[in-house]
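Asker: As input, take upload38.cif (mmCIF, C-alpha atoms):
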data_run
loop_
_atom_site.label_atom_id
_atom_site.label_comp_id
_atom_site.auth_asym_id
_atom_site.auth_seq_id
_atom_site.Cartn_x
_atom_site.Cartn_y
_atom_site.Cartn_z
CA MET A 107 -47.39 -27.92 -71.28
CA PHE A 108 -50.10 -28.88 -73.75
CA MET A 109 -51.09 -31.93 -71.67
CA ARG A 110 -51.41 -29.80 -68.56
CA PHE A 111 -53.58 -27.22 -70.33
CA GLU A 112 -55.76 -30.00 -71.68
CA ARG A 113 -56.29 -31.41 -68.18
CA MET A 114 -57.14 -28.00 -66.74
CA GLY A 115 -59.52 -27.20 -69.55
CA ARG A 116 -61.64 -30.33 -69.36
CA PHE A 117 -65.29 -30.50 -68.30
CA ARG A 118 -65.43 -30.21 -64.53
CA SER A 119 -67.95 -30.94 -61.80
CA PHE A 120 -68.25 -30.74 -58.03
CA GLU A 121 -70.67 -33.00 -56.19
CA MET A 122 -71.41 -33.20 -52.48
CA PRO A 123 -73.66 -36.22 -51.89
CA THR A 124 -73.14 -36.18 -48.10
CA VAL A 125 -75.29 -34.19 -45.67
CA VAL A 126 -73.07 -32.70 -42.95
CA LYS A 127 -74.47 -32.26 -39.43
CA HIS A 128 -72.22 -31.17 -36.62
CA GLY A 129 -71.98 -29.71 -33.16
CA ILE A 130 -70.79 -30.42 -29.64
CA GLY A 131 -72.91 -33.38 -28.51
CA ALA A 132 -74.24 -33.96 -32.05
CA VAL A 133 -73.80 -37.73 -31.74
CA ARG A 134 -76.88 -37.85 -29.48
CA HIS A 135 -79.00 -37.28 -32.60
CA THR A 136 -77.64 -40.36 -34.40
CA GLY A 137 -80.68 -42.56 -33.85
CA GLU A 138 -83.26 -40.14 -35.17
CA GLU A 139 -81.05 -39.26 -38.13
CA VAL A 140 -80.45 -42.90 -39.07
CA LYS A 141 -84.17 -43.60 -38.76
CA GLN A 142 -84.89 -40.76 -41.19
CA LEU A 143 -82.58 -42.49 -43.66
CA GLY A 144 -84.81 -45.56 -43.40
CA GLY A 145 -82.59 -47.66 -41.17
CA SER A 146 -84.15 -50.25 -38.87
CA LYS A 147 -81.20 -52.64 -38.48
CA VAL A 148 -77.69 -51.32 -39.08
CA LEU A 149 -74.21 -52.77 -39.21
CA LEU A 150 -72.01 -50.60 -36.98
CA VAL A 151 -68.49 -50.70 -38.44
CA THR A 152 -65.61 -49.85 -36.10
CA ASP A 153 -62.23 -51.07 -34.87
CA PRO A 154 -61.29 -52.80 -31.60
CA GLY A 155 -59.51 -49.72 -30.22
CA VAL A 156 -62.47 -47.40 -30.75
CA ARG A 157 -64.79 -49.95 -29.17
CA LYS A 158 -62.48 -50.48 -26.18
CA ALA A 159 -62.24 -46.71 -25.66
CA GLY A 160 -66.03 -46.59 -25.29
CA LEU A 161 -66.50 -44.23 -28.23
CA ILE A 162 -69.26 -46.31 -29.79
CA GLN A 163 -71.36 -46.25 -26.60
CA PRO A 164 -73.09 -42.88 -27.15
CA VAL A 165 -73.84 -43.98 -30.72
CA LEU A 166 -75.28 -47.27 -29.49
CA ASN A 167 -77.36 -45.49 -26.86
CA SER A 168 -78.86 -43.14 -29.44
CA LEU A 169 -79.59 -45.93 -31.92
CA GLN A 170 -81.21 -48.08 -29.25
CA GLU A 171 -83.33 -45.17 -28.01
CA ALA A 172 -84.61 -44.85 -31.59
CA LYS A 173 -85.43 -48.59 -31.53
CA ILE A 174 -82.88 -49.38 -34.25
CA ASP A 175 -81.30 -52.85 -34.05
CA VAL A 176 -77.51 -52.85 -34.15
CA VAL A 177 -75.04 -55.51 -35.29
CA ILE A 178 -71.46 -54.64 -34.36
CA PHE A 179 -68.58 -55.40 -36.72
CA ASP A 180 -65.39 -54.41 -34.89
CA GLU A 181 -62.74 -56.20 -36.94
CA VAL A 182 -61.51 -53.17 -38.88
CA GLU A 183 -57.72 -52.92 -39.02
CA PRO A 184 -55.35 -50.20 -40.23
CA ASN A 185 -55.04 -50.18 -44.03
CA PRO A 186 -58.12 -52.44 -44.25
CA SER A 187 -57.83 -55.34 -46.65
CA ILE A 188 -60.27 -56.92 -49.05
CA HIS A 189 -60.59 -59.78 -46.53
CA VAL A 190 -61.85 -57.45 -43.77
CA VAL A 191 -64.36 -55.96 -46.20
CA ALA A 192 -65.58 -59.43 -47.18
CA LYS A 193 -66.11 -60.37 -43.50
CA GLY A 194 -68.17 -57.22 -42.95
CA THR A 195 -70.24 -57.89 -46.06
CA GLU A 196 -70.96 -61.43 -44.89
CA MET A 197 -72.12 -60.14 -41.49
CA TYR A 198 -74.31 -57.45 -43.10
CA LEU A 199 -76.05 -59.96 -45.35
CA ALA A 200 -76.34 -62.72 -42.74
CA ASN A 201 -78.10 -60.34 -40.35
CA LYS A 202 -80.27 -58.77 -43.06
CA CYS A 203 -79.16 -55.24 -42.25
CA ASP A 204 -80.56 -52.25 -44.13
CA GLY A 205 -77.99 -49.59 -43.32
CA LEU A 206 -74.45 -48.82 -42.20
CA VAL A 207 -73.00 -46.67 -39.42
CA ALA A 208 -69.21 -46.18 -39.33
CA VAL A 209 -67.61 -44.97 -36.10
CA GLY A 210 -63.86 -44.40 -36.09
CA GLY A 211 -61.12 -43.12 -38.33
CA GLY A 212 -60.61 -43.42 -42.05
CA SER A 213 -60.13 -47.19 -41.95
CA SER A 214 -63.58 -47.78 -40.42
CA MET A 215 -65.29 -45.34 -42.77
CA ASP A 216 -63.54 -46.74 -45.86
CA THR A 217 -64.39 -50.29 -44.80
CA ALA A 218 -68.07 -49.35 -44.39
CA LYS A 219 -68.12 -47.77 -47.86
CA ALA A 220 -66.52 -50.86 -49.38
CA ILE A 221 -69.00 -53.15 -47.59
CA GLY A 222 -71.75 -51.03 -49.10
CA VAL A 223 -70.29 -51.51 -52.57
CA GLU A 224 -70.22 -55.28 -52.17
CA VAL A 225 -73.73 -55.43 -50.72
CA VAL A 226 -75.42 -53.61 -53.59
CA HIS A 227 -73.30 -55.01 -56.42
CA GLY A 228 -73.08 -58.61 -55.22
CA GLU A 229 -69.41 -58.96 -56.03
CA PRO A 230 -66.00 -58.08 -54.52
CA VAL A 231 -65.06 -54.43 -54.16
CA LEU A 232 -61.83 -55.22 -56.02
CA ASN A 233 -63.85 -55.44 -59.23
CA TYR A 234 -64.54 -51.70 -58.90
CA GLU A 235 -60.97 -50.52 -58.46
CA ALA A 236 -60.55 -47.05 -59.94
CA ALA A 237 -58.28 -48.20 -62.73
CA GLU A 238 -58.47 -48.59 -66.46
CA GLY A 239 -60.42 -51.65 -67.47
CA LYS A 240 -62.33 -51.96 -64.20
CA LYS A 241 -66.06 -51.33 -63.85
CA PRO A 242 -67.44 -48.05 -62.48
CA LEU A 243 -69.89 -48.19 -59.61
CA ALA A 244 -73.44 -48.72 -60.86
CA LYS A 245 -75.53 -48.57 -57.67
CA ARG A 246 -75.78 -46.33 -54.61
CA ILE A 247 -74.52 -48.00 -51.44
CA PRO A 248 -77.02 -48.62 -48.60
CA PRO A 249 -77.70 -45.63 -46.31
CA LEU A 250 -74.38 -44.88 -44.60
CA THR A 251 -73.83 -42.55 -41.65
CA THR A 252 -70.20 -41.73 -40.85
CA ILE A 253 -69.15 -40.56 -37.38
CA PRO A 254 -65.43 -39.71 -37.32
CA THR A 255 -63.45 -40.08 -34.08
CA THR A 256 -60.30 -38.55 -35.58
CA ALA A 257 -59.77 -35.29 -37.44
CA GLY A 258 -57.79 -36.14 -40.52
CA THR A 259 -58.83 -38.47 -43.30
CA GLY A 260 -61.97 -36.61 -44.34
CA SER A 261 -63.40 -39.98 -45.35
CA GLU A 262 -66.66 -38.91 -43.73
CA VAL A 263 -67.34 -36.77 -46.81
CA THR A 264 -65.00 -38.04 -49.53
CA GLN A 265 -66.14 -40.04 -52.52
CA TRP A 266 -63.38 -42.61 -52.08
CA ALA A 267 -62.54 -45.73 -50.14
CA VAL A 268 -58.92 -46.92 -49.96
CA ILE A 269 -58.61 -50.69 -49.55
CA THR A 270 -55.54 -52.94 -49.47
CA ASP A 271 -55.07 -55.88 -51.81
CA PRO A 272 -52.54 -57.99 -49.84
CA TYR A 273 -51.81 -60.23 -52.82
CA ARG A 274 -50.42 -57.30 -54.82
CA LYS A 275 -49.20 -55.41 -51.72
CA PHE A 276 -51.19 -52.53 -53.16
CA LYS A 277 -53.74 -50.03 -51.84
CA PHE A 278 -56.40 -49.27 -54.43
CA ASN A 279 -59.13 -46.65 -54.67
CA VAL A 280 -62.79 -47.23 -55.36
CA GLY A 281 -65.05 -44.25 -55.66
CA GLY A 282 -67.44 -41.78 -57.15
CA PRO A 283 -70.60 -40.11 -55.83
CA LEU A 284 -72.33 -43.49 -55.39
CA ILE A 285 -69.92 -44.52 -52.61
CA ALA A 286 -70.16 -41.36 -50.50
CA ALA A 287 -71.84 -41.44 -47.10
CA HIS A 288 -75.43 -40.24 -47.04
CA LEU A 289 -74.86 -38.39 -43.75
CA THR A 290 -71.95 -37.49 -41.52
CA ILE A 291 -72.33 -36.48 -37.89
CA ILE A 292 -69.32 -34.57 -36.59
CA ASP A 293 -69.03 -34.31 -32.81
CA PRO A 294 -65.76 -33.01 -31.33
CA GLU A 295 -66.58 -34.66 -27.99
CA LEU A 296 -65.62 -37.97 -29.62
CA HIS A 297 -62.16 -36.55 -30.35
CA LEU A 298 -61.21 -35.56 -26.80
CA SER A 299 -59.53 -38.87 -25.98
CA MET A 300 -57.43 -38.91 -29.15
CA PRO A 301 -53.74 -39.30 -28.16
CA PRO A 302 -51.33 -36.52 -29.19
CA ARG A 303 -49.53 -38.72 -31.71
CA ILE A 304 -52.78 -39.55 -33.56
CA THR A 305 -53.93 -35.92 -33.26
CA ALA A 306 -50.71 -34.84 -34.97
CA ALA A 307 -50.69 -37.48 -37.72
CA THR A 308 -54.35 -37.10 -38.67
CA GLY A 309 -54.10 -33.31 -38.52
CA ILE A 310 -51.18 -33.17 -40.95
CA ASP A 311 -52.97 -35.69 -43.17
CA ALA A 312 -55.87 -33.23 -43.39
CA LEU A 313 -53.41 -30.45 -44.19
CA SER A 314 -51.95 -32.62 -46.94
CA HIS A 315 -55.40 -33.11 -48.46
CA ALA A 316 -55.99 -29.37 -48.47
CA ILE A 317 -52.60 -28.41 -49.88
CA GLU A 318 -52.50 -31.12 -52.52
CA CYS A 319 -56.05 -30.57 -53.70
CA TYR A 320 -55.54 -26.79 -53.79
CA THR A 321 -52.45 -27.07 -55.97
CA CYS A 322 -53.20 -30.14 -58.12
CA HIS A 323 -54.36 -30.10 -61.73
CA TYR A 324 -57.90 -31.00 -60.67
CA ALA A 325 -58.39 -27.88 -58.53
CA GLN A 326 -61.46 -25.72 -59.14
CA PRO A 327 -63.11 -22.80 -57.30
CA MET A 328 -65.24 -24.90 -54.93
CA THR A 329 -62.33 -27.09 -53.89
CA ASP A 330 -59.98 -24.09 -53.60
CA ALA A 331 -62.38 -22.38 -51.19
CA VAL A 332 -62.75 -25.29 -48.77
CA ALA A 333 -59.05 -26.16 -49.00
CA LEU A 334 -57.93 -22.68 -47.99
CA LEU A 335 -60.29 -22.55 -45.01
CA ALA A 336 -59.11 -26.00 -43.92
CA MET A 337 -55.51 -24.75 -43.98
CA GLU A 338 -56.44 -21.71 -41.87
CA TYR A 339 -58.21 -23.87 -39.28
CA ILE A 340 -55.31 -26.31 -39.10
CA ALA A 341 -52.75 -23.53 -38.68
CA LYS A 342 -54.86 -22.09 -35.85
CA TYR A 343 -55.95 -25.23 -34.05
CA LEU A 344 -53.61 -28.19 -34.61
CA ARG A 345 -50.89 -27.16 -32.18
CA ARG A 346 -53.55 -26.42 -29.55
CA ALA A 347 -55.31 -29.76 -30.01
CA TYR A 348 -51.94 -31.54 -29.88
CA ALA A 349 -50.85 -29.74 -26.70
CA ASN A 350 -54.19 -29.90 -24.88
CA GLY A 351 -56.46 -32.74 -25.90
CA GLN A 352 -59.35 -31.38 -23.82
CA ASP A 353 -59.43 -28.06 -25.70
CA ILE A 354 -62.91 -28.53 -27.18
CA GLU A 355 -62.66 -25.41 -29.36
CA ALA A 356 -59.46 -26.71 -30.96
CA ARG A 357 -60.97 -30.16 -31.37
CA TYR A 358 -64.03 -28.69 -33.06
CA GLY A 359 -61.87 -26.54 -35.31
CA MET A 360 -59.80 -29.56 -36.36
CA ALA A 361 -62.93 -31.65 -36.94
CA LYS A 362 -64.26 -29.00 -39.30
CA ALA A 363 -60.86 -28.66 -40.96
CA ALA A 364 -60.70 -32.40 -41.69
CA MET A 365 -64.20 -32.32 -43.19
CA LEU A 366 -63.41 -29.29 -45.36
CA ALA A 367 -60.14 -30.85 -46.51
CA GLY A 368 -62.07 -33.99 -47.41
CA LEU A 369 -64.44 -31.92 -49.52
CA SER A 370 -61.45 -30.39 -51.31
CA TYR A 371 -60.99 -33.76 -53.01
CA GLY A 372 -64.17 -33.02 -54.96
CA SER A 373 -64.69 -36.10 -57.07
CA GLU A 374 -61.10 -36.26 -58.23
CA SER A 375 -57.70 -36.94 -56.65
CA ALA A 376 -54.61 -35.38 -55.05
CA GLY A 377 -50.90 -35.56 -55.93
CA ALA A 378 -47.45 -36.92 -55.10
CA ALA A 379 -47.73 -37.06 -51.29
CA HIS A 380 -50.76 -39.33 -51.44
CA ALA A 381 -49.35 -41.31 -54.34
CA MET A 382 -46.32 -42.00 -52.15
CA ALA A 383 -48.21 -42.66 -48.92
CA GLN A 384 -50.79 -44.88 -50.55
CA THR A 385 -48.29 -47.09 -52.33
CA LEU A 386 -45.93 -47.21 -49.34
CA GLY A 387 -48.81 -48.29 -47.09
CA GLY A 388 -49.52 -51.22 -49.37
CA ILE A 389 -45.92 -52.45 -49.12
CA ILE A 390 -45.06 -51.69 -45.47
CA PRO A 391 -47.71 -51.57 -42.70
CA VAL A 392 -47.20 -47.92 -41.73
CA ALA A 393 -49.93 -45.63 -40.46
CA HIS A 394 -51.21 -43.54 -43.36
CA GLY A 395 -51.40 -40.27 -41.44
CA GLU A 396 -47.86 -40.46 -40.12
CA CYS A 397 -46.25 -41.43 -43.40
CA VAL A 398 -48.02 -38.75 -45.43
CA ALA A 399 -47.16 -36.21 -42.71
CA ALA A 400 -43.48 -37.11 -42.95
CA MET A 401 -43.60 -36.71 -46.74
CA LEU A 402 -45.59 -33.49 -47.06
CA GLY A 403 -42.71 -31.04 -46.57
CA PRO A 404 -40.37 -32.71 -49.09
CA VAL A 405 -43.22 -33.02 -51.62
CA MET A 406 -43.98 -29.31 -51.26
CA GLU A 407 -40.28 -28.52 -51.59
CA TYR A 408 -40.31 -30.34 -54.91
CA ASN A 409 -43.65 -28.95 -56.09
CA TRP A 410 -43.68 -25.25 -55.22
CA MET A 411 -42.32 -24.05 -58.54
CA GLY A 412 -45.19 -25.78 -60.36
CA GLU A 413 -47.76 -23.43 -58.76
CA PRO A 414 -45.77 -20.59 -57.13
CA GLU A 415 -48.73 -18.20 -56.81
CA LYS A 416 -50.84 -20.83 -55.08
CA PHE A 417 -47.98 -21.79 -52.78
CA ALA A 418 -47.65 -18.11 -51.85
CA ARG A 419 -51.36 -18.12 -50.95
CA ILE A 420 -50.80 -21.23 -48.83
CA ALA A 421 -48.21 -19.28 -46.84
CA GLN A 422 -50.87 -16.67 -46.07
CA ALA A 423 -53.38 -19.33 -45.04
CA LEU A 424 -50.80 -20.77 -42.67
CA GLY A 425 -50.32 -17.39 -41.01
CA VAL A 426 -47.08 -16.28 -42.67
CA ASN A 427 -46.73 -12.52 -43.15
CA ILE A 428 -45.71 -12.38 -46.80
CA HIS A 429 -45.77 -8.58 -47.07
CA GLY A 430 -42.77 -7.46 -49.10
CA MET A 431 -41.91 -10.96 -50.29
CA SER A 432 -41.67 -11.96 -53.91
CA VAL A 433 -43.93 -14.75 -55.10
CA GLU A 434 -40.98 -17.14 -55.01
CA GLU A 435 -40.01 -16.13 -51.48
CA ALA A 436 -43.59 -16.52 -50.27
CA ALA A 437 -43.93 -19.91 -51.96
CA LYS A 438 -40.81 -21.15 -50.22
CA ALA A 439 -42.08 -19.70 -46.93
CA ALA A 440 -45.12 -21.99 -47.23
CA VAL A 441 -42.81 -25.00 -47.40
CA ARG A 442 -40.86 -23.83 -44.35
CA ALA A 443 -44.09 -23.24 -42.42
CA VAL A 444 -45.16 -26.83 -43.02
CA TYR A 445 -41.76 -28.18 -42.01
CA GLN A 446 -42.06 -26.18 -38.78
CA LEU A 447 -45.58 -27.44 -38.04
CA VAL A 448 -44.53 -31.05 -38.65
CA GLN A 449 -41.61 -30.53 -36.28
CA ASP A 450 -43.76 -28.86 -33.61
CA VAL A 451 -46.21 -31.79 -33.44
CA GLN A 452 -43.32 -34.29 -33.48
CA ILE A 453 -44.13 -36.34 -36.54
CA PRO A 454 -41.71 -39.29 -36.67
CA SER A 455 -39.49 -39.55 -39.74
CA LEU A 456 -39.95 -42.32 -42.26
CA GLU A 457 -36.88 -44.00 -40.80
CA GLU A 458 -38.42 -43.85 -37.32
CA GLN A 459 -41.59 -45.38 -38.80
CA GLY A 460 -39.60 -48.38 -39.96
CA VAL A 461 -39.15 -47.51 -43.62
CA PRO A 462 -35.63 -48.47 -44.84
CA ALA A 463 -33.80 -46.05 -47.14
CA ASP A 464 -32.58 -48.90 -49.34
CA MET A 465 -36.16 -49.35 -50.57
CA ILE A 466 -36.23 -45.89 -52.20
CA PRO A 467 -35.96 -47.15 -55.82
CA GLU A 468 -38.82 -49.64 -55.30
CA LEU A 469 -41.00 -47.11 -53.48
CA ALA A 470 -40.37 -44.39 -56.08
CA GLU A 471 -41.34 -46.73 -58.91
CA ALA A 472 -44.55 -47.70 -57.10
CA ALA A 473 -45.49 -44.07 -56.42
CA PHE A 474 -44.97 -43.10 -60.05
CA HIS A 475 -47.53 -45.68 -61.17
CA ASP A 476 -50.17 -44.52 -58.67
CA PRO A 477 -53.06 -42.68 -60.40
CA GLN A 478 -52.62 -39.64 -58.15
CA THR A 479 -49.32 -38.85 -59.86
CA VAL A 480 -51.34 -37.38 -62.73
CA GLY A 481 -52.64 -34.56 -60.56
CA ASN A 482 -49.28 -33.40 -59.24
CA PRO A 483 -48.64 -29.67 -59.89
CA ARG A 484 -45.07 -30.24 -61.06
CA ASP A 485 -44.21 -32.82 -63.69
CA ILE A 486 -42.73 -35.83 -61.92
CA ASN A 487 -41.10 -39.07 -62.97
CA VAL A 488 -39.44 -41.90 -61.05
CA LYS A 489 -36.29 -39.79 -60.56
CA GLY A 490 -38.41 -37.02 -59.08
CA TYR A 491 -39.96 -39.44 -56.61
CA GLU A 492 -36.51 -40.74 -55.75
CA TRP A 493 -35.40 -37.17 -54.97
CA ILE A 494 -38.41 -36.65 -52.67
CA TYR A 495 -37.77 -39.92 -50.87
CA ARG A 496 -34.09 -39.07 -50.45
CA ARG A 497 -35.12 -35.70 -49.06
CA CYS A 498 -37.37 -37.52 -46.54
CA PHE A 499 -34.25 -39.35 -45.33
CA ASN A 500 -32.12 -36.16 -45.38
CA LEU A 501 -30.02 -37.62 -48.18
CA GLU A 502 -30.55 -34.43 -50.21
CA PRO A 503 -29.87 -30.86 -49.01
CA CYS A 504 -32.78 -28.54 -48.22
CA THR A 505 -33.51 -26.13 -51.09
CA VAL A 506 -35.85 -23.68 -49.35
#
As structure tokens, how would this structure be written, given the file I've shared?
Answerer:
Amino acid sequence: MFMRFERMGRFRSFEMPTVVKHGIGAVRHTGEEVKQLGGSKVLLVTDPGVRKAGLIQPVLNSLQEAKIDVVIFDEVEPNPSIHVVAKGTEMYLANKCDGLVAVGGGSSMDTAKAIGVEVVHGEPVLNYEAAEGKKPLAKRIPPLTTIPTTAGTGSEVTQWAVITDPYRKFKFNVGGPLIAAHLTIIDPELHLSMPPRITAATGIDALSHAIECYTCHYAQPMTDAVALLAMEYIAKYLRRAYANGQDIEARYGMAKAAMLAGLSYGSESAGAAHAMAQTLGGIIPVAHGECVAAMLGPVMEYNWMGEPEKFARIAQALGVNIHGMSVEEAAKAAVRAVYQLVQDVQIPSLEEQGVPADMIPELAEAAFHDPQTVGNPRDINVKGYEWIYRRCFNLEPCTV
């Protein structure tokens, strides 16, 4: 109890280095905005799927109209590795670029941030892993504009990049205000072609950010405020966006929810769900959004008694009528509401995602050593992580 009080009582800060501009059709302003940041030749970072879908075309058109030269780096892959980052850095330097534009999901935006770190520091991003004994960032990355095509990771505004070290089979964080994008342009028109499965996975990922950051030890008033509004938007709009991809109002609502949930990270971290998803993704090539979505309910089921009042407030944000309920009943109702939402948008189970149950001891051990464990609202050890993983595989009975 003393350690928890000490964490909560420490000196706190909230920084928002990223300018947020948004609106239906907002991407048409990309060129003029990038020019105002001083860009004349930018590396556009994206993945092959986003490029094939034509989503970079309106960005290219706007940049070209503003007479900004563009070099396209489209080799981003899911759970981007240090090797992908190094390739992007080489292309940036070889072409003498002076800015970055990331178009895509979290992988593209994280890759662009990591390229920026390598460009200004002149050494591998791995040297700046957010771990004891590693160096903190010392320089601001080159002007970066993020343009998300999914509504989930919040990387457009977070102060983190998550990169995979394939040698250790480990996903590491690098971050702080110096890595954040200078500008994000949020345009729901770019989200209309998102398939239902990706809509669901990224949407629950955003919900996980909001719930974890609202309940973790690092929470503070600014992060609480944006987290709660993100939850309300997701409860209102995710099912609609999943059911009707052309519902522009729902797409816009989810885009704003993802951004707000990203801001709820503040400059800190989350909790058990992201500790599990991040370490799992370094060992098995699963999609981050889907695996964290499959874990969120069981993590909440484990965690609710650590912050029962906040979990009761989550139930309200998710639209549960808690009138007449005790705090405990309302907290458990929040867990059930998330289970129902995950079921409604048909998130595949960990088993369906190719994760074998016999790896639970290894995965639990890895999650426990992830830095995000420290923020979890309920004390957790390896046995606690094993319980959550068993619950994910229905090897433990439901307790709510």
Asker: Please, which residues are within 10 Å of (-45.5, -46.0, -57.6) by the file's coordinates, counting only C-alpha atoms, and could they come as number ranges by chain?
Answerer: A: 276, 378, 381-386, 467-479, 487-488, 491
Asker: Give as JSON, numbers by chain the residues that the PyMOL selection byres ((chain A and resi 325) around 12) matches when applied to the coordinates above.
Answerer: {"A": [113, 114, 115, 116, 118, 119, 120, 315, 316, 317, 318, 319, 320, 321, 322, 323, 324, 326, 327, 328, 329, 330, 331, 332, 333, 334, 369, 370, 371, 372, 373, 374, 375, 376, 377, 413, 416, 481, 482, 483]}
Asker: Write to file, as a PDB file, in the coordinates of the input, the residues of the selection just made, with C-alpha atoms.
Answerer:
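What ended up in part.pdb:
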ATOM      1  CA  ARG A 113     -56.290 -31.410 -68.180  1.00  0.00           C
ATOM      2  CA  MET A 114     -57.140 -28.000 -66.740  1.00  0.00           C
ATOM      3  CA  GLY A 115     -59.520 -27.200 -69.550  1.00  0.00           C
ATOM      4  CA  ARG A 116     -61.640 -30.330 -69.360  1.00  0.00           C
ATOM      5  CA  ARG A 118     -65.430 -30.210 -64.530  1.00  0.00           C
ATOM      6  CA  SER A 119     -67.950 -30.940 -61.800  1.00  0.00           C
ATOM      7  CA  PHE A 120     -68.250 -30.740 -58.030  1.00  0.00           C
ATOM      8  CA  HIS A 315     -55.400 -33.110 -48.460  1.00  0.00           C
ATOM      9  CA  ALA A 316     -55.990 -29.370 -48.470  1.00  0.00           C
ATOM     10  CA  ILE A 317     -52.600 -28.410 -49.880  1.00  0.00           C
ATOM     11  CA  GLU A 318     -52.500 -31.120 -52.520  1.00  0.00           C
ATOM     12  CA  CYS A 319     -56.050 -30.570 -53.700  1.00  0.00           C
ATOM     13  CA  TYR A 320     -55.540 -26.790 -53.790  1.00  0.00           C
ATOM     14  CA  THR A 321     -52.450 -27.070 -55.970  1.00  0.00           C
ATOM     15  CA  CYS A 322     -53.200 -30.140 -58.120  1.00  0.00           C
ATOM     16  CA  HIS A 323     -54.360 -30.100 -61.730  1.00  0.00           C
ATOM     17  CA  TYR A 324     -57.900 -31.000 -60.670  1.00  0.00           C
ATOM     18  CA  GLN A 326     -61.460 -25.720 -59.140  1.00  0.00           C
ATOM     19  CA  PRO A 327     -63.110 -22.800 -57.300  1.00  0.00           C
ATOM     20  CA  MET A 328     -65.240 -24.900 -54.930  1.00  0.00           C
ATOM     21  CA  THR A 329     -62.330 -27.090 -53.890  1.00  0.00           C
ATOM     22  CA  ASP A 330     -59.980 -24.090 -53.600  1.00  0.00           C
ATOM     23  CA  ALA A 331     -62.380 -22.380 -51.190  1.00  0.00           C
ATOM     24  CA  VAL A 332     -62.750 -25.290 -48.770  1.00  0.00           C
ATOM     25  CA  ALA A 333     -59.050 -26.160 -49.000  1.00  0.00           C
ATOM     26  CA  LEU A 334     -57.930 -22.680 -47.990  1.00  0.00           C
ATOM     27  CA  LEU A 369     -64.440 -31.920 -49.520  1.00  0.00           C
ATOM     28  CA  SER A 370     -61.450 -30.390 -51.310  1.00  0.00           C
ATOM     29  CA  TYR A 371     -60.990 -33.760 -53.010  1.00  0.00           C
ATOM     30  CA  GLY A 372     -64.170 -33.020 -54.960  1.00  0.00           C
ATOM     31  CA  SER A 373     -64.690 -36.100 -57.070  1.00  0.00           C
ATOM     32  CA  GLU A 374     -61.100 -36.260 -58.230  1.00  0.00           C
ATOM     33  CA  SER A 375     -57.700 -36.940 -56.650  1.00  0.00           C
ATOM     34  CA  ALA A 376     -54.610 -35.380 -55.050  1.00  0.00           C
ATOM     35  CA  GLY A 377     -50.900 -35.560 -55.930  1.00  0.00           C
ATOM     36  CA  GLU A 413     -47.760 -23.430 -58.760  1.00  0.00           C
ATOM     37  CA  LYS A 416     -50.840 -20.830 -55.080  1.00  0.00           C
ATOM     38  CA  GLY A 481     -52.640 -34.560 -60.560  1.00  0.00           C
ATOM     39  CA  ASN A 482     -49.280 -33.400 -59.240  1.00  0.00           C
ATOM     40  CA  PRO A 483     -48.640 -29.670 -59.890  1.00  0.00           C
TER      41      PRO A 483
END
Asker: Let me know the residues the PyMOL selection byres ((chain A and resi 174-187) around 6) catches in the file above, as a ChimeraX atom specification.
Answerer: /A:146-154,169-170,172-173,188-190,213-214,269-271
Asker: Can you tell me, as a ChimeraX atom specification, what residues are no more than 8 Å from His288 (chain A) when counting all atoms listed in the file, ignoring any on the same chain fewer than 3 positions away?
Answerer: /A:123-125,249-251
Asker: Residues within 7 Å of region 400-403 of chain A, please, as a ChimeraX atom specification. Count only C-alpha atoms; anything in the same chain fewer than 3 positions from it doesn't count.
Answerer: /A:314,379,396-397,406-407,441,444-445,453-456,498
Asker: Evaluate the PyMOL selection byres ((chain A and resi 428-435) around 8) here and jot the selected residues down as a list in words.
Answerer: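 So the PyMOL selection byres ((chain A and resi 428-435) around 8) ends up selecting Met411, Pro414, Glu415, Ala418, Ala421, Gln422, Val426, Asn427, Ala436, Ala437, Lys438 and Ala439 of chain A.
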Asker: With distances taken over only C-alpha atoms, which residue among A:Glu121, A:Glu338, A:Glu139, A:Asp353 lies nearest Gly425 (chain A)?
Answerer: A:Glu338
Asker: Residues near region 360-368 of chain A, anyone? I mean within 10 Å using only C-alpha atoms, not counting same-chain ones fewer than 4 positions away, as a count of residues only.
Answerer: 57
Asker: With all atoms listed in the file as the atoms that count, which of A:Gly155, A:Gly194, A:Gly228, A:Pro301 lies nearest to Gly210 (chain A)?
Answerer: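 For Gly210 (chain A), the nearest of the candidates is A:Gly155.
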Asker: Restricting the calculation to only C-alpha atoms: of A:Asn233, A:Ile285, A:Ala192, A:Asn201, which residue gets closest to Met215 (chain A)?
Answerer: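 Once distances to Met215 (chain A) are computed over only C-alpha atoms, the minimum belongs to A:Ile285.
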Asker: Tell me, in Å to one decimal, how far CA of Arg357 (chain A) is from CA of Leu447 (chain A).
Answerer: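 Separating CA of Arg357 (chain A) from CA of Leu447 (chain A) is a distance of 17.0 Å.
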